[in-house]
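K.L.:
One file is attached below, model.tsv, containing TSV, C-alpha atoms and all ligand atoms.
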```tsv
chain	number	residue	atom	x	y	z
A	65	MET	CA	7.13	24.11	-15.71
A	66	ASN	CA	3.82	22.41	-15.06
A	67	PRO	CA	1.17	24.90	-16.27
A	68	ASP	CA	-1.21	23.64	-13.57
A	69	ASP	CA	1.17	24.75	-10.87
A	70	PRO	CA	2.44	28.26	-11.45
A	71	GLY	CA	5.35	28.65	-9.12
A	72	GLY	CA	5.30	24.90	-8.61
A	73	PRO	CA	8.92	24.15	-9.50
A	74	ALA	CA	10.09	25.86	-6.34
A	75	ARG	CA	8.14	23.32	-4.33
A	76	GLY	CA	8.95	20.35	-6.54
A	77	LEU	CA	5.45	20.26	-7.99
A	78	ALA	CA	6.76	20.23	-11.57
A	79	ARG	CA	7.63	16.58	-10.94
A	80	PHE	CA	3.93	15.74	-11.23
A	81	ARG	CA	2.34	15.19	-14.62
A	82	PRO	CA	-1.34	14.88	-15.49
A	83	ALA	CA	-2.49	11.41	-16.56
A	84	PRO	CA	-2.23	11.39	-20.38
A	85	ARG	CA	-5.59	10.90	-22.06
A	86	THR	CA	-4.33	10.22	-25.56
A	87	ASP	CA	-6.25	6.92	-25.74
A	88	TRP	CA	-9.58	8.67	-25.21
A	89	PRO	CA	-9.65	11.77	-27.43
A	90	GLU	CA	-13.44	11.51	-27.74
A	91	ILE	CA	-14.12	11.60	-24.00
A	92	THR	CA	-15.25	14.83	-22.38
A	93	ASP	CA	-13.67	16.17	-19.19
A	94	ALA	CA	-16.96	15.57	-17.40
A	95	GLN	CA	-16.90	11.88	-18.37
A	96	TRP	CA	-13.24	11.41	-17.52
A	97	ASN	CA	-13.65	13.05	-14.14
A	98	ASP	CA	-16.72	10.98	-13.26
A	99	TRP	CA	-15.70	8.01	-11.12
A	100	HIS	CA	-18.73	6.04	-12.29
A	101	TRP	CA	-17.60	6.50	-15.91
A	102	GLN	CA	-14.13	5.32	-14.93
A	103	LEU	CA	-15.52	2.17	-13.32
A	104	GLN	CA	-17.88	1.43	-16.20
A	105	HIS	CA	-14.99	1.64	-18.66
A	106	ARG	CA	-12.48	-0.47	-16.81
A	107	PHE	CA	-10.36	-2.90	-18.80
A	108	VAL	CA	-11.59	-6.33	-17.79
A	109	SER	CA	-10.91	-8.59	-20.78
A	110	LEU	CA	-8.56	-9.40	-23.61
A	111	ALA	CA	-11.04	-7.79	-25.99
A	112	ASP	CA	-10.85	-4.52	-24.03
A	113	LEU	CA	-7.06	-4.46	-24.06
A	114	GLU	CA	-6.02	-5.73	-27.48
A	115	PRO	CA	-7.03	-2.65	-29.46
A	116	ARG	CA	-5.09	-0.38	-27.09
A	117	ILE	CA	-1.84	-2.14	-26.27
A	118	ARG	CA	0.70	-4.47	-27.83
A	119	LEU	CA	0.49	-7.54	-25.57
A	120	THR	CA	3.26	-10.08	-25.18
A	121	PRO	CA	2.40	-13.79	-25.48
A	122	ALA	CA	2.97	-14.11	-21.70
A	123	GLU	CA	0.52	-11.29	-21.01
A	124	ARG	CA	-2.05	-12.68	-23.43
A	125	ALA	CA	-1.92	-16.07	-21.75
A	126	GLY	CA	-1.94	-14.43	-18.31
A	127	ILE	CA	-5.07	-12.46	-19.12
A	128	LEU	CA	-6.85	-15.64	-20.22
A	129	PHE	CA	-5.67	-17.39	-17.04
A	130	SER	CA	-6.66	-14.52	-14.72
A	131	ALA	CA	-10.31	-15.55	-14.63
A	132	GLN	CA	-9.24	-18.60	-12.60
A	133	LYS	CA	-7.33	-16.55	-10.03
A	134	LEU	CA	-7.61	-12.80	-9.61
A	135	SER	CA	-9.70	-10.93	-12.16
A	136	LEU	CA	-8.25	-8.43	-14.55
A	137	GLY	CA	-9.44	-4.89	-13.83
A	138	ILE	CA	-7.75	-1.58	-14.67
A	139	THR	CA	-9.34	1.86	-14.57
A	140	PRO	CA	-8.82	4.10	-17.61
A	141	HIS	CA	-6.98	6.54	-15.35
A	142	PHE	CA	-4.40	3.95	-14.28
A	143	PHE	CA	-4.22	2.40	-17.75
A	144	SER	CA	-3.32	5.82	-19.16
A	145	LEU	CA	-0.06	5.60	-17.17
A	146	VAL	CA	0.95	2.28	-18.78
A	147	ASP	CA	3.69	2.31	-21.43
A	148	LYS	CA	1.90	0.51	-24.27
A	149	GLU	CA	5.13	-0.53	-25.98
A	150	ASP	CA	7.21	-1.65	-23.00
A	151	PRO	CA	6.33	-4.90	-21.19
A	152	ALA	CA	8.84	-3.95	-18.47
A	153	CYS	CA	6.88	-0.77	-17.64
A	154	PRO	CA	6.59	-0.63	-13.83
A	155	ILE	CA	2.95	0.43	-13.97
A	156	ARG	CA	2.11	-2.34	-16.41
A	157	ARG	CA	3.79	-5.03	-14.27
A	158	GLN	CA	1.50	-4.21	-11.35
A	159	VAL	CA	-1.83	-4.68	-13.10
A	160	LEU	CA	-1.38	-6.70	-16.30
A	161	PRO	CA	-1.38	-10.45	-15.60
A	162	VAL	CA	1.33	-12.67	-17.04
A	163	ILE	CA	1.25	-16.44	-17.31
A	164	ASP	CA	3.85	-16.72	-14.53
A	165	GLU	CA	0.87	-16.24	-12.17
A	166	SER	CA	-0.17	-19.80	-13.00
A	167	HIS	CA	3.08	-21.19	-11.53
A	168	THR	CA	3.07	-21.80	-7.79
A	169	ASP	CA	6.35	-22.49	-6.11
A	170	GLY	CA	6.60	-24.57	-2.95
A	171	VAL	CA	6.65	-21.70	-0.46
A	172	GLU	CA	3.63	-19.85	-1.83
A	173	MET	CA	0.19	-19.93	-0.22
A	174	GLY	CA	-3.40	-18.91	-0.87
A	175	ASP	CA	-3.54	-17.14	2.52
A	176	PRO	CA	0.13	-16.19	3.00
A	177	VAL	CA	-0.23	-14.20	6.22
A	178	GLY	CA	-2.67	-16.58	7.90
A	179	GLU	CA	-5.67	-14.25	8.08
A	180	GLU	CA	-8.17	-17.10	8.09
A	181	SER	CA	-6.69	-18.58	11.26
A	182	SER	CA	-7.18	-15.27	13.14
A	183	SER	CA	-10.70	-14.69	11.91
A	184	PRO	CA	-13.36	-15.22	14.60
A	185	VAL	CA	-16.06	-13.94	12.23
A	186	PRO	CA	-15.89	-14.03	8.42
A	187	GLY	CA	-14.55	-10.73	7.15
A	188	LEU	CA	-12.89	-9.77	10.46
A	189	VAL	CA	-9.29	-10.54	11.43
A	190	HIS	CA	-8.36	-10.13	15.10
A	191	ARG	CA	-4.64	-10.85	15.40
A	192	TYR	CA	-3.25	-8.03	17.52
A	193	PRO	CA	-4.55	-7.34	21.05
A	194	ASP	CA	-6.32	-4.01	20.54
A	195	ARG	CA	-7.08	-3.77	16.85
A	196	VAL	CA	-8.90	-5.59	14.08
A	197	LEU	CA	-9.03	-5.66	10.33
A	198	LEU	CA	-12.53	-5.41	8.85
A	199	MET	CA	-12.94	-6.45	5.22
A	200	VAL	CA	-15.98	-4.55	4.08
A	201	THR	CA	-16.13	-5.41	0.38
A	202	ASP	CA	-14.37	-7.74	-2.01
A	203	ARG	CA	-14.04	-5.28	-4.88
A	204	CYS	CA	-11.26	-2.90	-5.90
A	205	ALA	CA	-11.09	-0.28	-8.64
A	206	SER	CA	-8.17	-2.15	-10.24
A	207	TYR	CA	-6.54	-5.42	-9.25
A	208	CYS	CA	-2.91	-5.66	-8.17
A	209	ARG	CA	-1.33	-8.86	-9.44
A	210	TYR	CA	0.50	-9.42	-6.13
A	211	CYS	CA	-2.56	-8.91	-3.90
A	212	THR	CA	-2.30	-10.71	-0.55
A	213	ARG	CA	-6.07	-11.19	-0.65
A	214	SER	CA	-6.23	-12.62	-4.15
A	215	ARG	CA	-8.27	-15.43	-2.65
A	216	LEU	CA	-11.00	-12.97	-1.64
A	217	VAL	CA	-11.08	-9.94	-3.90
A	218	SER	CA	-12.60	-9.63	-7.36
A	219	GLY	CA	-15.18	-12.38	-6.92
A	220	ALA	CA	-18.47	-10.69	-6.06
A	221	GLY	CA	-21.23	-9.37	-8.26
A	222	GLY	CA	-21.57	-5.85	-6.83
A	223	TYR	CA	-20.09	-3.30	-4.48
A	224	ASP	CA	-22.09	-4.48	-1.51
A	225	PHE	CA	-21.09	-4.89	2.07
A	226	HIS	CA	-19.48	-8.08	3.17
A	227	PRO	CA	-22.40	-10.47	3.84
A	228	ASP	CA	-21.22	-11.06	7.42
A	229	LEU	CA	-20.80	-7.40	8.31
A	230	ASP	CA	-23.58	-7.50	10.94
A	231	HIS	CA	-21.80	-10.38	12.68
A	232	ALA	CA	-18.54	-8.46	12.55
A	233	LEU	CA	-20.21	-5.40	14.11
A	234	ALA	CA	-21.73	-7.61	16.84
A	235	TYR	CA	-18.25	-9.03	17.54
A	236	LEU	CA	-16.84	-5.53	17.90
A	237	ARG	CA	-19.59	-4.52	20.33
A	238	GLU	CA	-18.75	-7.56	22.46
A	239	HIS	CA	-15.00	-6.91	22.53
A	240	PRO	CA	-14.16	-3.77	24.51
A	241	GLU	CA	-10.44	-4.43	24.19
A	242	VAL	CA	-10.64	-3.41	20.53
A	243	ARG	CA	-9.92	0.29	20.15
A	244	ASP	CA	-8.64	0.43	16.56
A	245	VAL	CA	-10.40	-0.78	13.40
A	246	LEU	CA	-8.78	-0.89	9.97
A	247	LEU	CA	-11.33	-0.93	7.17
A	248	SER	CA	-9.95	-2.67	4.16
A	249	GLY	CA	-11.09	-5.16	1.62
A	250	GLY	CA	-11.18	-4.91	-1.25
A	251	ASP	CA	-11.42	-1.16	-1.18
A	252	PRO	CA	-13.80	0.53	1.28
A	253	LEU	CA	-13.91	3.74	-0.77
A	254	LEU	CA	-15.72	1.85	-3.54
A	255	LEU	CA	-18.79	1.92	-1.31
A	256	GLY	CA	-21.15	4.77	-2.15
A	257	ASP	CA	-21.16	7.79	0.14
A	258	ASP	CA	-24.36	6.75	1.95
A	259	LYS	CA	-23.16	3.22	2.61
A	260	LEU	CA	-19.82	4.42	3.84
A	261	ASP	CA	-21.52	6.98	6.05
A	262	ARG	CA	-23.76	4.27	7.57
A	263	LEU	CA	-20.81	1.96	8.13
A	264	LEU	CA	-18.67	4.62	9.79
A	265	GLY	CA	-21.68	5.71	11.83
A	266	ALA	CA	-22.25	2.13	13.03
A	267	LEU	CA	-18.61	1.90	14.10
A	268	ARG	CA	-18.68	5.30	15.80
A	269	ALA	CA	-21.74	4.13	17.78
A	270	ILE	CA	-19.49	1.56	19.51
A	271	PRO	CA	-18.05	3.62	22.37
A	272	HIS	CA	-14.76	1.77	22.86
A	273	LEU	CA	-13.67	2.18	19.23
A	274	GLU	CA	-11.33	5.14	19.28
A	275	PHE	CA	-9.38	4.95	16.08
A	276	LEU	CA	-10.71	4.22	12.59
A	277	ARG	CA	-8.35	3.68	9.70
A	278	ILE	CA	-9.11	3.10	6.04
A	279	GLY	CA	-6.76	1.22	3.73
A	280	SER	CA	-7.39	2.32	0.15
A	281	ARG	CA	-5.81	2.39	-3.26
A	282	ILE	CA	-8.70	4.42	-4.67
A	283	PRO	CA	-6.86	7.78	-4.58
A	284	ILE	CA	-4.29	6.22	-6.91
A	285	PHE	CA	-6.44	3.98	-9.14
A	286	LEU	CA	-9.46	6.24	-9.21
A	287	PRO	CA	-8.66	9.74	-7.92
A	288	GLN	CA	-11.98	10.95	-9.35
A	289	ARG	CA	-13.70	9.08	-6.49
A	290	VAL	CA	-12.24	11.50	-3.94
A	291	THR	CA	-15.04	14.02	-4.30
A	292	PRO	CA	-15.87	16.85	-1.89
A	293	ALA	CA	-18.94	14.81	-0.89
A	294	LEU	CA	-16.81	11.80	0.04
A	295	CYS	CA	-14.46	14.04	2.04
A	296	ALA	CA	-17.47	15.50	3.87
A	297	VAL	CA	-18.61	11.99	4.84
A	298	LEU	CA	-15.17	11.08	6.15
A	299	ARG	CA	-14.85	14.34	8.03
A	300	LYS	CA	-18.07	13.56	9.96
A	301	HIS	CA	-16.48	10.57	11.63
A	302	HIS	CA	-13.11	11.86	12.78
A	303	PRO	CA	-10.56	10.83	13.85
A	304	ILE	CA	-10.14	8.91	10.58
A	305	TRP	CA	-6.69	8.04	9.28
A	306	MET	CA	-5.91	6.60	5.89
A	307	SER	CA	-3.22	4.37	4.42
A	308	VAL	CA	-2.89	4.69	0.68
A	309	HIS	CA	-0.85	2.41	-1.54
A	310	VAL	CA	1.62	3.80	-4.07
A	311	ASN	CA	4.50	1.73	-5.41
A	312	HIS	CA	6.08	3.84	-8.13
A	313	PRO	CA	6.56	7.61	-8.47
A	314	ARG	CA	4.74	7.68	-11.83
A	315	GLU	CA	1.52	6.76	-10.02
A	316	LEU	CA	1.64	10.19	-8.36
A	317	THR	CA	0.02	12.26	-11.08
A	318	VAL	CA	-1.44	15.75	-10.76
A	319	GLU	CA	-4.89	14.19	-10.32
A	320	VAL	CA	-3.65	11.88	-7.57
A	321	ARG	CA	-1.82	14.70	-5.81
A	322	GLU	CA	-5.00	16.79	-5.87
A	323	ALA	CA	-7.12	13.89	-4.56
A	324	LEU	CA	-4.64	13.34	-1.72
A	325	GLY	CA	-4.73	17.08	-1.06
A	326	ARG	CA	-8.53	16.98	-0.69
A	327	LEU	CA	-8.20	14.17	1.84
A	328	SER	CA	-5.52	16.07	3.76
A	329	ASP	CA	-7.63	19.22	3.70
A	330	ALA	CA	-10.45	17.15	5.23
A	331	GLY	CA	-8.17	16.54	8.19
A	332	ILE	CA	-7.22	12.95	7.35
A	333	PRO	CA	-3.61	12.05	8.16
A	334	LEU	CA	-2.22	10.05	5.23
A	335	GLY	CA	0.41	7.32	5.25
A	336	ASN	CA	1.64	5.22	2.36
A	337	GLN	CA	2.19	1.50	2.16
A	338	SER	CA	4.36	0.29	-0.71
A	339	VAL	CA	5.03	-3.31	-1.64
A	340	LEU	CA	8.58	-4.07	-2.72
A	341	LEU	CA	8.20	-5.41	-6.27
A	342	ALA	CA	10.81	-6.68	-8.69
A	343	GLY	CA	11.06	-4.46	-11.73
A	344	VAL	CA	8.80	-1.85	-10.17
A	345	ASN	CA	10.44	-0.20	-7.18
A	346	ASP	CA	13.36	-2.44	-6.18
A	347	SER	CA	16.01	0.27	-6.29
A	348	VAL	CA	17.08	3.12	-4.04
A	349	GLU	CA	16.68	5.60	-6.90
A	350	VAL	CA	13.04	4.74	-7.60
A	351	MET	CA	12.13	4.61	-3.92
A	352	ARG	CA	13.88	7.93	-3.23
A	353	GLU	CA	11.85	9.62	-5.95
A	354	LEU	CA	8.68	7.95	-4.65
A	355	VAL	CA	9.12	9.00	-1.02
A	356	HIS	CA	10.03	12.56	-1.99
A	357	LYS	CA	6.92	12.88	-4.15
A	358	LEU	CA	4.81	11.39	-1.35
A	359	LEU	CA	5.99	14.09	1.05
A	360	LEU	CA	5.05	16.71	-1.56
A	361	CYS	CA	1.57	15.16	-1.51
A	362	ARG	CA	1.48	15.42	2.30
A	363	VAL	CA	1.69	11.63	2.61
A	364	ARG	CA	4.10	10.09	5.10
A	365	PRO	CA	5.86	6.97	3.75
A	366	TYR	CA	4.77	4.44	6.38
A	367	TYR	CA	5.56	0.85	5.41
A	368	LEU	CA	7.61	-0.83	2.72
A	369	TYR	CA	6.32	-4.39	2.66
A	370	GLN	CA	8.19	-7.43	1.58
A	371	CYS	CA	5.84	-9.01	-0.98
A	372	ASP	CA	3.85	-11.78	0.68
A	373	LEU	CA	4.24	-15.37	-0.47
A	374	ILE	CA	1.06	-15.25	-2.50
A	375	ARG	CA	0.56	-17.96	-5.12
A	376	GLY	CA	1.97	-17.05	-8.52
A	377	SER	CA	3.97	-14.04	-7.27
A	378	ARG	CA	7.53	-15.27	-7.70
A	379	HIS	CA	8.16	-13.08	-10.75
A	380	LEU	CA	7.23	-10.01	-8.68
A	381	ARG	CA	9.02	-10.81	-5.43
A	382	ALA	CA	12.33	-9.00	-4.82
A	383	PRO	CA	14.81	-10.34	-2.22
A	384	VAL	CA	14.47	-9.22	1.40
A	385	THR	CA	18.08	-8.02	1.19
A	386	ARG	CA	17.01	-5.52	-1.48
A	387	GLY	CA	14.49	-4.01	0.92
A	388	ILE	CA	17.21	-3.65	3.56
A	389	GLU	CA	19.53	-2.02	1.00
A	390	ILE	CA	16.80	0.45	0.07
A	391	ILE	CA	16.24	1.50	3.67
A	392	GLU	CA	19.99	1.75	4.14
A	393	GLY	CA	20.15	3.96	1.05
A	394	LEU	CA	17.49	6.30	2.42
A	395	ARG	CA	18.20	6.47	6.17
A	396	GLY	CA	20.48	9.45	6.83
A	397	PHE	CA	20.58	10.42	3.16
A	398	THR	CA	17.17	12.08	3.13
A	399	SER	CA	14.51	13.45	5.50
A	400	GLY	CA	13.63	11.07	8.31
A	401	TYR	CA	9.94	11.57	7.48
A	402	ALA	CA	10.65	10.10	4.05
A	403	VAL	CA	11.95	6.76	5.33
A	404	PRO	CA	9.34	4.00	5.65
A	405	GLN	CA	9.61	1.01	7.95
A	406	PHE	CA	10.51	-2.13	6.03
A	407	VAL	CA	8.42	-5.07	7.29
A	408	VAL	CA	7.90	-8.71	6.53
A	409	ASP	CA	4.44	-10.02	7.35
A	410	ALA	CA	5.44	-13.31	8.95
A	411	PRO	CA	4.31	-16.21	6.75
A	412	GLY	CA	1.45	-18.15	8.26
A	413	GLY	CA	0.28	-15.45	10.66
A	414	GLY	CA	2.97	-14.00	12.94
A	415	GLY	CA	2.12	-10.40	12.12
A	416	LYS	CA	4.33	-7.63	10.79
A	417	VAL	CA	7.97	-7.78	11.81
A	418	PRO	CA	10.22	-4.75	11.26
A	419	ILE	CA	13.43	-5.58	9.40
A	420	ASN	CA	16.18	-3.00	9.65
A	421	PRO	CA	19.71	-2.60	8.41
A	422	GLU	CA	22.09	-3.61	11.22
A	423	TYR	CA	23.53	-0.53	12.86
A	424	VAL	CA	24.49	-2.07	16.23
A	425	ILE	CA	27.94	-3.65	16.12
A	426	TYR	CA	28.43	-4.59	19.75
A	427	ARG	CA	26.57	-4.22	23.03
A	428	ASP	CA	27.39	-5.13	26.60
A	429	ALA	CA	26.33	-3.96	30.06
A	430	GLU	CA	28.29	-0.72	29.79
A	431	ARG	CA	28.26	0.39	26.21
A	432	ILE	CA	26.78	0.10	22.80
A	433	VAL	CA	28.89	0.32	19.67
A	434	PHE	CA	27.22	1.21	16.41
A	435	ARG	CA	27.80	2.66	12.99
A	436	ASN	CA	26.13	5.64	11.40
A	437	PHE	CA	24.70	5.93	7.87
A	438	GLN	CA	28.20	6.67	6.51
A	439	GLY	CA	29.71	3.59	8.12
A	440	ARG	CA	31.58	5.55	10.81
A	441	VAL	CA	31.77	3.70	14.11
A	442	PHE	CA	30.78	5.25	17.45
A	443	GLU	CA	30.47	4.19	21.04
A	444	TYR	CA	27.81	5.31	23.50
A	445	PRO	CA	28.40	4.57	27.21
A	446	ASP	CA	25.16	2.99	28.41
A	447	PRO	CA	24.06	3.92	31.92
A	448	ALA	CA	24.15	0.79	34.09
A	449	LYS	CA	20.75	-0.65	34.96
A	450	SER	CA	20.59	-1.59	38.62
A	451	GLY	CA	20.01	-5.27	39.10
A	452	ALA	CA	19.51	-5.87	35.40
A	453	SER	CA	21.65	-8.29	33.52
A	454	ARG	CA	21.90	-8.21	29.75
A	455	PRO	CA	23.21	-10.70	27.28
A	456	VAL	CA	26.77	-9.99	26.31
A	457	ALA	CA	27.63	-10.50	22.68
A	458	GLU	CA	31.05	-11.12	21.25
A	459	PRO	CA	32.38	-7.96	19.63
A	460	ALA	CA	31.89	-8.11	15.89
A	461	TYR	CA	35.09	-6.14	15.42
A	462	GLU	CA	37.18	-3.67	17.30
A	463	VAL	CA	36.01	-0.10	17.74
A	464	THR	CA	38.34	2.08	15.77
A	465	GLN	CA	36.66	5.43	16.04
A	466	THR	CA	34.71	7.28	18.69
A	467	PRO	CA	33.11	10.69	18.49
A	468	SER	CA	35.54	13.50	19.10
B	501	LIG	S1	-6.08	-2.48	-4.07
B	501	LIG	FE1	-5.36	-3.66	-2.28
B	501	LIG	S2	-6.96	-5.21	-1.93
B	501	LIG	FE2	-7.26	-4.40	-4.00
B	501	LIG	S3	-6.13	-5.77	-5.38
B	501	LIG	FE3	-4.73	-4.08	-4.84
B	501	LIG	S4	-3.60	-4.84	-3.04
B	501	LIG	FE4	-5.44	-6.15	-3.27
```
In structure tokens, how does this file's structure come out?

P.N.:
Amino acid sequence: MNPDDPGGPARGLARFRPAPRTDWPEITDAQWNDWHWQLQHRFVSLADLEPRIRLTPAERAGILFSAQKLSLGITPHFFSLVDKEDPACPIRRQVLPVIDESHTDGVEMGDPVGEESSSPVPGLVHRYPDRVLLMVTDRCASYCRYCTRSRLVSGAGGYDFHPDLDHALAYLREHPEVRDVLLSGGDPLLLGDDKLDRLLGALRAIPHLEFLRIGSRIPIFLPQRVTPALCAVLRKHHPIWMSVHVNHPRELTVEVREALGRLSDAGIPLGNQSVLLAGVNDSVEVMRELVHKLLLCRVRPYYLYQCDLIRGSRHLRAPVTRGIEIIEGLRGFTSGYAVPQFVVDAPGGGGKVPINPEYVIYRDAERIVFRNFQGRVFEYPDPAKSGASRPVAEPAYEVTQTPS
């Protein structure tokens, strides 16, 4: 039983463990729980890491190379989850660079989803008709080695606003068709409370903006940042929704669950975006445990992303077919709320495209034939649409079973 959760096993809460602090016996609770202390003591160099972990030659070389690409940065909280002896540790693979990052294969790109080509103002991406992405800072608490925005994040000298933010706000005022703004980065929750309050206030002053979303990995990398004061700031500007980013069930510690609980209690609906990563979460078993723990944290699994074709990511990219298999292994076998949508962000800038297991076997003007999650085949007589003609496909195979 988890002593922090008396009665917890009945609700599955015993599956959560506190982040182990064995590497920092000298640190007080007050220091550990202070998000500023966590940021000041991030692992950012070989010298920081070597005394604490047995590095492989590939990791050592990768850390030295990382200055040329995406900086190394790991909070003590997240580092405490790393298996120091196992290079295959799924937490370690996400944040410790390896020299494979220096190899670019022919399909990889610096801007794999074509954000630059849909950017009318620096820091703002307007690809879909009624919504925009606003990149408010270029810093994150820790750096994910597969980051789609490797070209942008980790380069600046402080946690300041994007230098073109005023231009981005002016663009939003001039575009009444935009009703939905996603704040991302970098990580918007790295801004101090006052700055975040001013930014959200400036957006709320634009009458046609209805829906504000924040994309953040802070509750996972730095749960200490989710203070009551931060929640009070967010609550002022409702409706605010948030997408967090968890890839492996071990990231969901007691501290993370409590941080997510504070956000939920502040009225913020939470969704999760995972990236499908080789050696991290590319199995039904790992994803099942992840999505179940997310529901216990009041987080709805939202997207499972195929890893973008970012430069130097080949060693982390799992096949698209694995993503389909994972969804197939979840759909019907567990709660519908637990099943994310698998998407590929179309290379070059086509936007997110849902990719699903194929359930439809045959369709014509009168019927649709499909299989269920167990592979049983059914037919549904489709009401005829007056005047409408539909493409008729060849039957994939004969219907052998219909519902009794
Ligand atoms: S937290 Fe998000 S923006 Fe930051 S490095 Fe990770 S994936 Fe990139």

K.L.:
Residues at most 8 Å from ligand LIG 501 (chain B), using only C-alpha atoms and all ligand atoms? Could they come as an mmCIF file with C-alpha atoms, in the coordinates of the input?

P.N.:
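So the final result, stored in selection_13.cif, reads:
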```
data_model
loop_
_atom_site.group_PDB
_atom_site.id
_atom_site.type_symbol
_atom_site.label_atom_id
_atom_site.label_comp_id
_atom_site.auth_asym_id
_atom_site.auth_seq_id
_atom_site.Cartn_x
_atom_site.Cartn_y
_atom_site.Cartn_z
ATOM 1 C CA ASP A 202 -14.370 -7.740 -2.010
ATOM 2 C CA ARG A 203 -14.040 -5.280 -4.880
ATOM 3 C CA CYS A 204 -11.260 -2.900 -5.900
ATOM 4 C CA ALA A 205 -11.090 -0.280 -8.640
ATOM 5 C CA SER A 206 -8.170 -2.150 -10.240
ATOM 6 C CA TYR A 207 -6.540 -5.420 -9.250
ATOM 7 C CA CYS A 208 -2.910 -5.660 -8.170
ATOM 8 C CA ARG A 209 -1.330 -8.860 -9.440
ATOM 9 C CA TYR A 210 0.500 -9.420 -6.130
ATOM 10 C CA CYS A 211 -2.560 -8.910 -3.900
ATOM 11 C CA THR A 212 -2.300 -10.710 -0.550
ATOM 12 C CA ARG A 213 -6.070 -11.190 -0.650
ATOM 13 C CA SER A 214 -6.230 -12.620 -4.150
ATOM 14 C CA VAL A 217 -11.080 -9.940 -3.900
ATOM 15 C CA SER A 218 -12.600 -9.630 -7.360
ATOM 16 C CA SER A 248 -9.950 -2.670 4.160
ATOM 17 C CA GLY A 249 -11.090 -5.160 1.620
ATOM 18 C CA GLY A 250 -11.180 -4.910 -1.250
ATOM 19 C CA ASP A 251 -11.420 -1.160 -1.180
ATOM 20 C CA GLY A 279 -6.760 1.220 3.730
ATOM 21 C CA SER A 280 -7.390 2.320 0.150
ATOM 22 C CA ARG A 281 -5.810 2.390 -3.260
ATOM 23 C CA ILE A 282 -8.700 4.420 -4.670
ATOM 24 C CA HIS A 309 -0.850 2.410 -1.540
#
```

K.L.:
List the neighbours of range 119-122 of chain A out to 8 Å using all atoms listed in the file; skip same-chain residues closer than 6 positions along the sequence, and give me the result as a VMD selection string.

P.N.:
chain A and resid 151 162 to 164

K.L.:
Measuring atom to atom with all atoms listed in the file, identify which of A:Pro404, A:Gly413, A:Gly393, A:Gly387 is nearest to Gln438 in chain A.

P.N.:
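The closest residue to Gln438 in chain A is A:Gly393.
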
K.L.:
Would you list the contacts of Val320 in chain A as a PyMOL selection string, taking every protein, DNA or RNA residue within 12 Å and counting all atoms listed in the file, but skipping same-chain residues closer than 5 positions in sequence?

P.N.:
chain A and resi 80-83+141-142+281-290+308-310+313-315+325-327+357-358+360-363

K.L.:
Give me the residues within 9 Å of Ile390 in chain A as a PyMOL selection string, counting only C-alpha atoms and dropping any in the same chain fewer than 5 places off.

P.N.:
chain A and resi 346-349+351-352+385+395

K.L.:
What does the structure give for the distance between CA of Asp428 in chain A and CA of Gly400 in chain A, in Å to one decimal?

P.N.:
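Going from CA of Asp428 in chain A over to CA of Gly400 in chain A covers 28.0 Å.
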
K.L.:
Need the shell around Cys153 in chain A: protein/DNA/RNA residues with any atom at most 12 Å away, counting all atoms listed in the file. Skip same-chain ones fewer than 4 positions apart. Format as a PyMOL selection string?

P.N.:
chain A and resi 143+145-149+157-160+312+314-315+342-345

K.L.:
To one decimal place in Å, what is the distance between CA of Leu246 in chain A and CA of Pro292 in chain A?

P.N.:
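The value is 22.5 Å.
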
K.L.:
Considering all atoms listed in the file, can you say which of A:Asp257, A:Thr86, A:Tyr192, A:Arg277 comes closest to Glu241 in chain A?

P.N.:
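Among the listed residues, A:Tyr192 lies closest to Glu241 in chain A.
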
K.L.:
My list of candidates is A:Asp93, A:Asp150, A:Asp194, A:Glu179. Which is closest to Ala410 in chain A when distances are computed with all atoms listed in the file?

P.N.:
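Closest candidate: A:Glu179.
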
K.L.:
Would you compute the distance between CA of Leu136 in chain A and CA of Ser307 in chain A? Give it in Å to one decimal.

P.N.:
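Between these atoms lies a distance of 23.4 Å.
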
K.L.:
Pick out the residues sitting within 7 Å of range 368-370 of chain A, and hand them over as JSON, numbers by chain; count all atoms listed in the file, and ignore anything fewer than 6 positions along from it in its own chain.

P.N.:
{"A": [337, 338, 339, 340, 384, 404, 405, 406, 407, 408]}

K.L.:
Which one of A:Leu394, A:Phe442, A:Ser181, A:Val403 sits closest to Asn336 in chain A if you count all atoms listed in the file?

P.N.:
A:Val403

K.L.:
I'd like a table as CSV: residues in range 277-343 of chain A with an atom no more than 12 Å from range 262-271 of chain A, each row giving the shortest atom pair and its distance in Å to one decimal, all atoms listed in the file counted, sorted by chain and rising residue number.

P.N.:
```
residue,atom,partner,partner_atom,distance
A:Arg277,CA,A:Leu264,CA,10.4
A:Ile278,CA,A:Leu264,CA,10.4
A:Val297,CA,A:Leu264,CA,8.9
A:Leu298,CA,A:Leu264,CA,8.2
A:Arg299,CA,A:Leu264,CA,10.6
A:Lys300,CA,A:Gly265,CA,8.8
A:His301,CA,A:Leu264,CA,6.6
A:His302,CA,A:Arg268,CA,9.1
A:Pro303,CA,A:Arg268,CA,10.0
A:Ile304,CA,A:Leu264,CA,9.6
```

K.L.:
When distances are computed from only C-alpha atoms, which of A:Arg124, A:Arg106, A:Thr92, A:Leu273 shows the smallest separation from Arg237 in chain A?

P.N.:
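The closest residue to Arg237 in chain A is A:Leu273.
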
K.L.:
Could you check which of A:Arg116, A:Arg364, A:His356, A:His190 is closest to Leu334 in chain A, using only C-alpha atoms?

P.N.:
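With only C-alpha atoms as the atom set, the closest residue is A:Arg364.
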